[in-house]
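Colleague: Sharing a structure here in structure tokens format.
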Amino acid sequence: MTFLSYLISGISLGSVYAIIALGYTMVYGIAKMLNFAHGDVIMIGAYMSFCGTSYMGWSPLMSVVLAIVVCTVLGVTIERLAYKPLRMAPSLAVLITAIGVSYFLQNAALLIWTSNPKSFTSVVGGGAVKLFDGQLSISHVTLVTVLACVVIMVALTLFTTKTKMGTAMRAVSEDKGAAQLMGINVNTTISVTFAIGSGLAAIAGVLLCSAYPTLMPTTGSMPGIKAFTAAVFGGIGSIPGAMLGGILLGVIEIFSKAYISTQLSDAIVFAMLIVVLLVKPDGLLGKHRNEKV
């Protein structure tokens with residue numbers, strides 16, 4: 001039962017990574033940029049939920065809605081102010097700007113909420129499901145996290161394949177110039193992409209802090225980096241790849257901590273990424289594309 005318990009914990013942690021990675025992979029797949037401020041949007045979402053329940057006395061559901069709304073607006077604002085002016089700039093300029101936005105959000109959080117850790121109250125509540133005469137316990141947070149990951153992935157897949165905006169996103173991903181000539185508003189499409197990704201970051205932040213209830217301005221940094229690793233692991237730009245990469249990364253991390261070393265677990269995770277990229281550079285579900293120069 002210990003092995004099964006570790007596996008469930010890994011899937012739960014990996015589901016959080018997968019939700020974050022979906023935001024990374026959508027932005028990269030459509031806007032062709034790496035938004036390294038994404039991890040700090042996670043942190044802002046968690047703080048918004050914390051403020052909703054602790055300061056305003058709102059219900060957990062309302063606090064989650066607040067977090068999603070604030071992060072969605074924040075994501076669109078960041079895109080309009082920081083990234084839109086650099087649409088034709090070299091990728092290095094965009095990368096440096098993303099790092100600058102990340103530091104700005106972290107320091108703004110330090111000024112507003114200070115560096116003191118906050119005790120985050122789970123929006124899911126306590127309790128667990130007991131199986132095998134109580135030998136295996138699955139917390140409600142774990143169940144909600146895994147369910148949320150599956151629902152979000154299915155919803156995003158249907159959105160990108162069945163809706164008009166989803167078709168526009170795929171067109172912009174293939175060729176921005178051709179999409180614009182066909183009447184697609186590229187700027188609006190990219191803004192919607194950032195809005196969706198930032199809303200997902202809010203959900204991930206709330207679920208992450210519900211499972212690990214300590215909230216700080218650096219809360220989203222390491223999960224954000226690992227989720228980016230998961231996106232690359234599964235094939236950045238692929239929605240199923242982001243989910244697969246996130247869950248595999250979470251399982252590898254938990255098993256590494258349980259059976260090898262808690263100190264070496266992060267090194268093992270990144271070593272696995274290197275091995276996968278050496279064998280399959282485009283990621284597990286990524287598609288190789290030849291680009292004309």
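So you can find residues: chains in the structure tokens are A, B, ... in the order shown, residues in each start at 1, and ligands are numbered from 1 in order.
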If you run DSSP on this backbone, which residues of region 58-213 of chain A come out as strand (DSSP E or B), and could you give them as a PyMOL selection string?
Modeller: chain A and resi 118-119+128-131+136-139
Colleague: Might you pull out every residue within 9 Å of Val146 (chain A), with only C-alpha atoms counted and same-chain residues fewer than 5 positions away left off, and present them as a list of chain:residue names?
Modeller: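 Surrounding residues, per the criterion: A:Ile11, A:Ser12, A:Leu13, A:Gly14, A:Ser15, A:Val16, A:Val141, A:Val151.
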Colleague: Using only C-alpha atoms, which residue out of A:Phe3, A:Gly166, A:Met26, A:Met48 lies closest to Tyr259 (chain A)?
Modeller: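 Nearest to Tyr259 (chain A): A:Phe3.
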Colleague: Just give me the gap between CA of Gly45 (chain A) and CA of Ile252 (chain A) in Å, one decimal is fine.
Modeller: 26.4 Å
Colleague: Could you list, as a PyMOL selection string, every residue within 8 Å of Ser49 (chain A), counting only C-alpha atoms and ignoring same-chain residues fewer than 5 positions away?
Modeller: chain A and resi 60+63-64+66-67+206
Colleague: How far is it from CA of Ala195 (chain A) to CA of Thr72 (chain A), in Å with one decimal?
Modeller: 4.7 Å
Colleague: Hey, what's within 9 Å of Ser191 (chain A) if we count only C-alpha atoms and toss same-chain stuff fewer than 5 positions away? As a ChimeraX atom specification, please?
Modeller: /A:75-77,79-80,186,196
